[in-house]
file protein-v1.txt (compact mmCIF, C-alpha atoms)
# COMPACT_ATOMS: atom_id res chain seq x y z
CA MET A 93 -14.86 -46.31 -37.71
CA PRO A 94 -12.27 -45.62 -40.42
CA SER A 95 -10.56 -42.24 -40.39
CA SER A 96 -8.11 -40.62 -42.74
CA PRO A 97 -8.17 -37.50 -44.93
CA PRO A 98 -9.05 -39.55 -48.08
CA SER A 99 -11.84 -41.46 -46.32
CA ASP A 100 -13.19 -38.23 -44.80
CA ALA A 101 -13.25 -36.67 -48.28
CA ARG A 102 -15.23 -39.67 -49.55
CA LEU A 103 -17.73 -39.32 -46.70
CA ARG A 104 -18.21 -35.65 -47.55
CA LEU A 105 -18.68 -36.67 -51.22
CA ILE A 106 -21.38 -39.18 -50.20
CA ALA A 107 -23.27 -36.52 -48.23
CA GLU A 108 -22.80 -33.66 -50.69
CA SER A 109 -23.70 -35.65 -53.81
CA TYR A 110 -26.85 -36.96 -52.09
CA GLN A 111 -27.89 -33.37 -51.30
CA ARG A 112 -27.10 -32.16 -54.84
CA LEU A 113 -29.07 -34.95 -56.54
CA THR A 114 -32.06 -35.35 -54.22
CA GLY A 115 -32.35 -31.83 -52.81
CA LYS A 116 -32.45 -33.30 -49.29
CA PRO A 117 -29.77 -33.59 -46.62
CA LEU A 118 -28.42 -37.09 -45.98
CA LEU A 119 -28.62 -36.53 -42.23
CA THR A 120 -31.13 -34.49 -40.24
CA GLU A 121 -28.34 -32.19 -39.12
CA MET A 122 -25.34 -32.01 -41.43
CA PRO A 123 -22.14 -31.61 -39.40
CA GLN A 124 -19.50 -29.26 -40.78
CA ARG A 125 -16.43 -30.81 -39.17
CA ASP A 126 -15.07 -34.08 -40.61
CA ASP A 127 -14.97 -35.86 -37.24
CA GLU A 128 -18.61 -34.98 -36.57
CA LEU A 129 -19.70 -36.09 -40.05
CA ARG A 130 -17.75 -39.35 -39.67
CA ASN A 131 -19.44 -40.05 -36.33
CA ALA A 132 -22.94 -39.09 -37.53
CA MET A 133 -22.71 -41.26 -40.65
CA TRP A 134 -21.19 -44.18 -38.75
CA HIS A 135 -24.02 -44.17 -36.19
CA ALA A 136 -26.91 -43.29 -38.54
CA PRO A 137 -30.10 -45.29 -37.85
CA PHE A 138 -30.06 -46.58 -41.45
CA ALA A 139 -27.47 -48.15 -43.71
CA ILE A 140 -25.07 -46.02 -45.73
CA VAL A 141 -22.95 -47.92 -48.26
CA ALA A 142 -20.82 -46.82 -51.22
CA HIS A 143 -18.73 -48.45 -53.92
CA GLY A 144 -16.10 -47.11 -56.27
CA THR A 145 -15.60 -47.16 -60.02
CA GLU A 146 -13.66 -50.40 -60.47
CA ASP A 147 -14.68 -52.73 -63.32
CA ASP A 148 -16.26 -54.89 -60.61
CA PRO A 149 -17.07 -52.12 -58.07
CA ILE A 150 -15.91 -52.76 -54.51
CA PHE A 151 -17.49 -51.23 -51.44
CA PHE A 152 -15.32 -48.59 -49.84
CA TYR A 153 -17.78 -47.62 -47.12
CA GLY A 154 -20.39 -49.27 -44.96
CA ASN A 155 -21.57 -47.72 -41.71
CA LEU A 156 -22.22 -49.63 -38.49
CA TYR A 157 -25.89 -50.35 -39.36
CA ALA A 158 -24.86 -51.83 -42.74
CA LEU A 159 -22.01 -53.89 -41.26
CA GLN A 160 -24.31 -55.35 -38.60
CA ASN A 161 -26.83 -56.41 -41.24
CA PHE A 162 -24.18 -57.88 -43.55
CA GLU A 163 -22.46 -59.50 -40.51
CA MET A 164 -19.04 -58.21 -41.58
CA SER A 165 -16.21 -56.14 -40.19
CA PHE A 166 -15.36 -52.91 -41.98
CA GLU A 167 -12.22 -54.57 -43.36
CA GLU A 168 -14.22 -57.47 -44.83
CA PHE A 169 -16.89 -55.18 -46.28
CA ALA A 170 -14.28 -52.89 -47.86
CA GLN A 171 -13.04 -55.86 -49.94
CA LEU A 172 -16.50 -57.02 -51.09
CA PRO A 173 -17.52 -56.51 -54.72
CA SER A 174 -20.87 -54.76 -54.37
CA ARG A 175 -22.60 -57.24 -56.71
CA LEU A 176 -21.97 -59.96 -54.11
CA SER A 177 -24.17 -58.14 -51.60
CA ALA A 178 -27.16 -59.56 -53.50
CA GLU A 179 -28.00 -63.21 -54.02
CA PRO A 180 -27.34 -64.47 -57.56
CA VAL A 181 -31.09 -64.73 -58.32
CA VAL A 182 -31.63 -60.98 -57.67
CA GLN A 183 -28.39 -59.63 -59.15
CA GLU A 184 -30.12 -58.91 -62.47
CA ALA A 185 -32.71 -56.67 -60.75
CA ARG A 186 -29.91 -54.96 -58.82
CA GLU A 187 -27.97 -54.30 -62.03
CA ALA A 188 -31.09 -52.86 -63.69
CA ALA A 189 -31.57 -50.47 -60.76
CA LEU A 190 -27.92 -49.37 -60.93
CA ALA A 191 -28.26 -48.76 -64.68
CA LYS A 192 -31.23 -46.44 -63.99
CA VAL A 193 -29.14 -44.60 -61.41
CA ALA A 194 -26.33 -44.18 -63.95
CA GLN A 195 -28.82 -42.57 -66.38
CA ARG A 196 -30.95 -40.50 -63.97
CA GLY A 197 -28.51 -39.64 -61.18
CA TYR A 198 -30.53 -41.36 -58.45
CA ILE A 199 -33.55 -43.53 -57.75
CA ASP A 200 -35.58 -43.98 -54.61
CA GLY A 201 -38.12 -46.49 -53.38
CA TYR A 202 -35.96 -49.46 -54.34
CA SER A 203 -36.15 -52.68 -52.33
CA GLY A 204 -34.48 -56.02 -52.71
CA MET A 205 -33.25 -59.13 -50.97
CA ARG A 206 -29.71 -59.24 -49.63
CA VAL A 207 -27.68 -61.91 -47.90
CA ALA A 208 -25.44 -61.59 -44.85
CA LYS A 209 -22.05 -63.27 -44.59
CA GLY A 210 -23.56 -66.06 -42.47
CA GLY A 211 -26.31 -66.75 -45.05
CA ARG A 212 -29.15 -64.89 -43.30
CA ARG A 213 -31.39 -63.18 -45.82
CA PHE A 214 -32.81 -59.71 -45.25
CA MET A 215 -34.85 -57.23 -47.24
CA ILE A 216 -33.57 -53.73 -47.89
CA THR A 217 -36.39 -51.21 -48.16
CA ASP A 218 -36.85 -47.46 -48.56
CA CYS A 219 -33.63 -47.53 -50.56
CA THR A 220 -32.21 -44.54 -52.38
CA ILE A 221 -29.28 -45.15 -54.71
CA TRP A 222 -27.33 -42.27 -56.21
CA ASN A 223 -24.24 -41.46 -58.23
CA LEU A 224 -21.28 -40.06 -56.35
CA LEU A 225 -20.63 -36.88 -58.28
CA ASP A 226 -18.22 -34.17 -57.24
CA ALA A 227 -19.04 -30.46 -57.69
CA GLN A 228 -17.61 -30.56 -61.24
CA GLY A 229 -19.73 -33.60 -62.19
CA GLY A 230 -16.90 -36.13 -61.95
CA PHE A 231 -18.15 -39.67 -61.32
CA HIS A 232 -16.69 -41.50 -58.29
CA GLY A 233 -19.06 -44.47 -57.86
CA GLN A 234 -22.48 -44.99 -56.35
CA ALA A 235 -23.93 -44.98 -52.85
CA ALA A 236 -27.12 -46.14 -51.19
CA ILE A 237 -29.09 -45.70 -48.01
CA PHE A 238 -31.66 -48.21 -46.80
CA VAL A 239 -33.32 -49.80 -43.84
CA ALA A 240 -33.25 -53.55 -43.34
CA ARG A 241 -36.14 -55.83 -42.50
CA ALA A 242 -35.84 -59.39 -41.28
CA TYR A 243 -36.99 -61.94 -43.83

call {"tool": "encode", "arguments": {"input": "protein-v1.txt", "output": "structure tokens"}}
result
Amino acid sequence: MPSSPPSDARLRLIAESYQRLTGKPLLTEMPQRDDELRNAMWHAPFAIVAHGTEDDPIFFYGNLYALQNFEMSFEEFAQLPSRLSAEPVVQEAREAALAKVAQRGYIDGYSGMRVAKGGRRFMITDCTIWNLLDAQGGFHGQAAIFVARAY
């Protein structure tokens, strides 16, 4: 579980922007201390992933649930362009969903096929994708939560 002041600030941004955009807390109980938030997000019973604002956005966070489904270490995942989390045949649908998020702030109810490092395919369901916006409206990337289903 990664830990540093910058990564803790990003975790707080994930949680706070979700609350601002959806009106719901990311976690049932939102911890106030950084170490508690880090632990709660890391062990959440659903995936939490986020990518930055690079030209080809790269994941900067994936919790334990996400890493297990993608069959990657945190270090591997944190180098993965987010577009490569989807198979080439579904990347167009993924891009269309992200474009809607960019316009509306967030979407929910998204589902789509993803592929693990070892080639295993899995379906993400009950997915909410949102913009990472700070309190002043500055854009810092996008994040998503989902559950995975075997395919």

call {"tool": "closest_residue", "arguments": {"input": "protein-v1.txt", "among": "A:Gly201, A:Arg125, A:Ala242, A:Ala142", "to": "Tyr110 of chain A", "atoms": "all atoms listed in the file"}}
result
A:Ala142

call {"tool": "closest_atom_pairs", "arguments": {"input": "protein-v1.txt", "of": "segment 166-192 of chain A", "to": "segment 130-141 of chain A", "cutoff": "12 Å", "atoms": "only C-alpha atoms", "output": "tab-separated table"}}
result
residue	atom	partner	partner_atom	distance
A:Phe166	CA	A:Trp134	CA	11.0
A:Phe169	CA	A:Val141	CA	9.7
A:Ala170	CA	A:Val141	CA	10.0
A:Leu172	CA	A:Val141	CA	11.5
A:Ser174	CA	A:Val141	CA	9.4
A:Ser177	CA	A:Val141	CA	10.8

call {"tool": "atom_distance", "arguments": {"input": "protein-v1.txt", "atom1": "atom CA of Gln124 of chain A", "atom2": "atom CA of Phe162 of chain A"}}
result
29.1 Å

call {"tool": "residues_around", "arguments": {"input": "protein-v1.txt", "residues": "Ile216 of chain A", "least_positions_apart": "4", "cutoff": "7 Å", "atoms": "all atoms listed in the file", "output": "JSON, numbers by chain"}}
result
{"A": [203, 204, 205, 206, 238, 239, 240, 241]}

call {"tool": "closest_residue", "arguments": {"input": "protein-v1.txt", "among": "A:Arg196, A:Arg186, A:His143, A:Phe214", "to": "Glu163 of chain A", "atoms": "only C-alpha atoms"}}
result
A:Phe214

call {"tool": "axis_aligned_box", "arguments": {"input": "protein-v1.txt", "around": "segment 195-207 of chain A", "padding_each_side": "6 Å", "output": "AutoDock Vina command-line options"}}
result
--center_x -32.9 --center_y -50.8 --center_z -57.1 --size_x 22.4 --size_y 34.3 --size_z 30.5

call {"tool": "closest_residue", "arguments": {"input": "protein-v1.txt", "among": "A:Gln228, A:Asn223, A:Asn155, A:Gln160", "to": "Ser109 of chain A", "atoms": "only C-alpha atoms"}}
result
A:Asn223

call {"tool": "residues_around", "arguments": {"input": "protein-v1.txt", "residues": "segment 189-191 of chain A", "least_positions_apart": "3", "cutoff": "10 Å", "atoms": "all atoms listed in the file", "output": "PyMOL selection string"}}
result
chain A and resi 183-186+194-200+202-203+221-223+234

call {"tool": "atom_distance", "arguments": {"input": "protein-v1.txt", "atom1": "atom CA of Asn161 of chain A", "atom2": "atom CA of Asp147 of chain A"}}
result
25.5 Å

call {"tool": "atom_distance", "arguments": {"input": "protein-v1.txt", "atom1": "atom CA of Val182 of chain A", "atom2": "atom CA of Leu225 of chain A"}}
result
26.5 Å

call {"tool": "closest_residue", "arguments": {"input": "protein-v1.txt", "among": "A:Arg112, A:Arg102, A:Val207, A:Leu119", "to": "Gly154 of chain A", "atoms": "only C-alpha atoms"}}
result
A:Arg102

call {"tool": "closest_residue", "arguments": {"input": "protein-v1.txt", "among": "A:Arg104, A:His232, A:Lys116, A:Arg212", "to": "Glu179 of chain A", "atoms": "all atoms listed in the file"}}
result
A:Arg212

call {"tool": "closest_residue", "arguments": {"input": "protein-v1.txt", "among": "A:Leu129, A:Ile106, A:Ala188, A:Ala101", "to": "Gly233 of chain A", "atoms": "only C-alpha atoms"}}
result
A:Ile106

call {"tool": "build_atoms", "arguments": {"input": "protein-v1.txt", "residues": "segment 188-221 of chain A", "atoms": "N, CA and C atoms", "output": "PDB file, keeping the file's coordinate frame"}}
result
ATOM      1  N   ALA A 188     -30.143 -53.730 -62.988  1.00  0.00           N
ATOM      2  CA  ALA A 188     -31.090 -52.860 -63.690  1.00  0.00           C
ATOM      3  C   ALA A 188     -31.314 -51.568 -62.913  1.00  0.00           C
ATOM      4  N   ALA A 189     -31.407 -51.668 -61.593  1.00  0.00           N
ATOM      5  CA  ALA A 189     -31.570 -50.470 -60.760  1.00  0.00           C
ATOM      6  C   ALA A 189     -30.343 -49.574 -60.863  1.00  0.00           C
ATOM      7  N   LEU A 190     -29.146 -50.164 -60.832  1.00  0.00           N
ATOM      8  CA  LEU A 190     -27.920 -49.370 -60.930  1.00  0.00           C
ATOM      9  C   LEU A 190     -27.797 -48.708 -62.302  1.00  0.00           C
ATOM     10  N   ALA A 191     -28.284 -49.357 -63.341  1.00  0.00           N
ATOM     11  CA  ALA A 191     -28.260 -48.760 -64.680  1.00  0.00           C
ATOM     12  C   ALA A 191     -29.173 -47.530 -64.721  1.00  0.00           C
ATOM     13  N   LYS A 192     -30.336 -47.606 -64.059  1.00  0.00           N
ATOM     14  CA  LYS A 192     -31.230 -46.440 -63.990  1.00  0.00           C
ATOM     15  C   LYS A 192     -30.564 -45.295 -63.244  1.00  0.00           C
ATOM     16  N   VAL A 193     -29.853 -45.628 -62.171  1.00  0.00           N
ATOM     17  CA  VAL A 193     -29.140 -44.600 -61.410  1.00  0.00           C
ATOM     18  C   VAL A 193     -28.096 -43.931 -62.300  1.00  0.00           C
ATOM     19  N   ALA A 194     -27.363 -44.727 -63.068  1.00  0.00           N
ATOM     20  CA  ALA A 194     -26.330 -44.180 -63.950  1.00  0.00           C
ATOM     21  C   ALA A 194     -26.936 -43.187 -64.941  1.00  0.00           C
ATOM     22  N   GLN A 195     -28.153 -43.446 -65.414  1.00  0.00           N
ATOM     23  CA  GLN A 195     -28.820 -42.570 -66.380  1.00  0.00           C
ATOM     24  C   GLN A 195     -29.459 -41.350 -65.721  1.00  0.00           C
ATOM     25  N   ARG A 196     -30.126 -41.541 -64.590  1.00  0.00           N
ATOM     26  CA  ARG A 196     -30.950 -40.500 -63.970  1.00  0.00           C
ATOM     27  C   ARG A 196     -30.263 -39.751 -62.834  1.00  0.00           C
ATOM     28  N   GLY A 197     -29.174 -40.288 -62.306  1.00  0.00           N
ATOM     29  CA  GLY A 197     -28.510 -39.640 -61.180  1.00  0.00           C
ATOM     30  C   GLY A 197     -28.846 -40.282 -59.846  1.00  0.00           C
ATOM     31  N   TYR A 198     -30.127 -40.641 -59.666  1.00  0.00           N
ATOM     32  CA  TYR A 198     -30.530 -41.360 -58.450  1.00  0.00           C
ATOM     33  C   TYR A 198     -31.899 -41.981 -58.658  1.00  0.00           C
ATOM     34  N   ILE A 199     -32.195 -42.965 -57.829  1.00  0.00           N
ATOM     35  CA  ILE A 199     -33.550 -43.530 -57.750  1.00  0.00           C
ATOM     36  C   ILE A 199     -33.882 -43.680 -56.272  1.00  0.00           C
ATOM     37  N   ASP A 200     -35.163 -43.688 -55.983  1.00  0.00           N
ATOM     38  CA  ASP A 200     -35.580 -43.980 -54.610  1.00  0.00           C
ATOM     39  C   ASP A 200     -36.724 -44.973 -54.639  1.00  0.00           C
ATOM     40  N   GLY A 201     -37.053 -45.506 -53.485  1.00  0.00           N
ATOM     41  CA  GLY A 201     -38.120 -46.490 -53.380  1.00  0.00           C
ATOM     42  C   GLY A 201     -37.716 -47.896 -53.775  1.00  0.00           C
ATOM     43  N   TYR A 202     -36.438 -48.142 -53.963  1.00  0.00           N
ATOM     44  CA  TYR A 202     -35.960 -49.460 -54.340  1.00  0.00           C
ATOM     45  C   TYR A 202     -36.000 -50.403 -53.133  1.00  0.00           C
ATOM     46  N   SER A 203     -36.266 -51.654 -53.377  1.00  0.00           N
ATOM     47  CA  SER A 203     -36.150 -52.680 -52.330  1.00  0.00           C
ATOM     48  C   SER A 203     -35.628 -53.947 -52.981  1.00  0.00           C
ATOM     49  N   GLY A 204     -35.021 -54.778 -52.174  1.00  0.00           N
ATOM     50  CA  GLY A 204     -34.480 -56.020 -52.710  1.00  0.00           C
ATOM     51  C   GLY A 204     -33.920 -56.907 -51.610  1.00  0.00           C
ATOM     52  N   MET A 205     -33.781 -58.158 -51.923  1.00  0.00           N
ATOM     53  CA  MET A 205     -33.250 -59.130 -50.970  1.00  0.00           C
ATOM     54  C   MET A 205     -31.733 -59.072 -50.975  1.00  0.00           C
ATOM     55  N   ARG A 206     -31.154 -59.190 -49.790  1.00  0.00           N
ATOM     56  CA  ARG A 206     -29.710 -59.240 -49.630  1.00  0.00           C
ATOM     57  C   ARG A 206     -29.369 -60.404 -48.725  1.00  0.00           C
ATOM     58  N   VAL A 207     -28.096 -60.760 -48.701  1.00  0.00           N
ATOM     59  CA  VAL A 207     -27.680 -61.910 -47.900  1.00  0.00           C
ATOM     60  C   VAL A 207     -26.477 -61.501 -47.048  1.00  0.00           C
ATOM     61  N   ALA A 208     -26.541 -61.850 -45.776  1.00  0.00           N
ATOM     62  CA  ALA A 208     -25.440 -61.590 -44.850  1.00  0.00           C
ATOM     63  C   ALA A 208     -24.363 -62.636 -45.027  1.00  0.00           C
ATOM     64  N   LYS A 209     -23.197 -62.353 -44.492  1.00  0.00           N
ATOM     65  CA  LYS A 209     -22.050 -63.270 -44.590  1.00  0.00           C
ATOM     66  C   LYS A 209     -22.412 -64.674 -44.107  1.00  0.00           C
ATOM     67  N   GLY A 210     -23.194 -64.765 -43.029  1.00  0.00           N
ATOM     68  CA  GLY A 210     -23.560 -66.060 -42.470  1.00  0.00           C
ATOM     69  C   GLY A 210     -24.716 -66.751 -43.196  1.00  0.00           C
ATOM     70  N   GLY A 211     -25.235 -66.136 -44.276  1.00  0.00           N
ATOM     71  CA  GLY A 211     -26.310 -66.750 -45.050  1.00  0.00           C
ATOM     72  C   GLY A 211     -27.700 -66.242 -44.715  1.00  0.00           C
ATOM     73  N   ARG A 212     -27.834 -65.444 -43.660  1.00  0.00           N
ATOM     74  CA  ARG A 212     -29.150 -64.890 -43.300  1.00  0.00           C
ATOM     75  C   ARG A 212     -29.586 -63.916 -44.389  1.00  0.00           C
ATOM     76  N   ARG A 213     -30.832 -64.066 -44.804  1.00  0.00           N
ATOM     77  CA  ARG A 213     -31.390 -63.180 -45.820  1.00  0.00           C
ATOM     78  C   ARG A 213     -32.125 -62.038 -45.139  1.00  0.00           C
ATOM     79  N   PHE A 214     -32.060 -60.855 -45.753  1.00  0.00           N
ATOM     80  CA  PHE A 214     -32.810 -59.710 -45.250  1.00  0.00           C
ATOM     81  C   PHE A 214     -33.225 -58.832 -46.419  1.00  0.00           C
ATOM     82  N   MET A 215     -34.305 -58.106 -46.216  1.00  0.00           N
ATOM     83  CA  MET A 215     -34.850 -57.230 -47.240  1.00  0.00           C
ATOM     84  C   MET A 215     -34.365 -55.812 -46.981  1.00  0.00           C
ATOM     85  N   ILE A 216     -33.853 -55.153 -48.023  1.00  0.00           N
ATOM     86  CA  ILE A 216     -33.570 -53.730 -47.890  1.00  0.00           C
ATOM     87  C   ILE A 216     -34.764 -52.986 -48.463  1.00  0.00           C
ATOM     88  N   THR A 217     -35.213 -51.968 -47.744  1.00  0.00           N
ATOM     89  CA  THR A 217     -36.390 -51.210 -48.160  1.00  0.00           C
ATOM     90  C   THR A 217     -36.091 -49.720 -48.051  1.00  0.00           C
ATOM     91  N   ASP A 218     -36.996 -48.921 -48.603  1.00  0.00           N
ATOM     92  CA  ASP A 218     -36.850 -47.460 -48.560  1.00  0.00           C
ATOM     93  C   ASP A 218     -35.465 -47.048 -49.059  1.00  0.00           C
ATOM     94  N   CYS A 219     -34.993 -47.724 -50.080  1.00  0.00           N
ATOM     95  CA  CYS A 219     -33.630 -47.530 -50.560  1.00  0.00           C
ATOM     96  C   CYS A 219     -33.546 -46.409 -51.589  1.00  0.00           C
ATOM     97  N   THR A 220     -32.576 -45.537 -51.378  1.00  0.00           N
ATOM     98  CA  THR A 220     -32.210 -44.540 -52.380  1.00  0.00           C
ATOM     99  C   THR A 220     -30.794 -44.859 -52.819  1.00  0.00           C
ATOM    100  N   ILE A 221     -30.594 -44.883 -54.122  1.00  0.00           N
ATOM    101  CA  ILE A 221     -29.280 -45.150 -54.710  1.00  0.00           C
ATOM    102  C   ILE A 221     -28.938 -43.936 -55.569  1.00  0.00           C
TER     103      ILE A 221
END
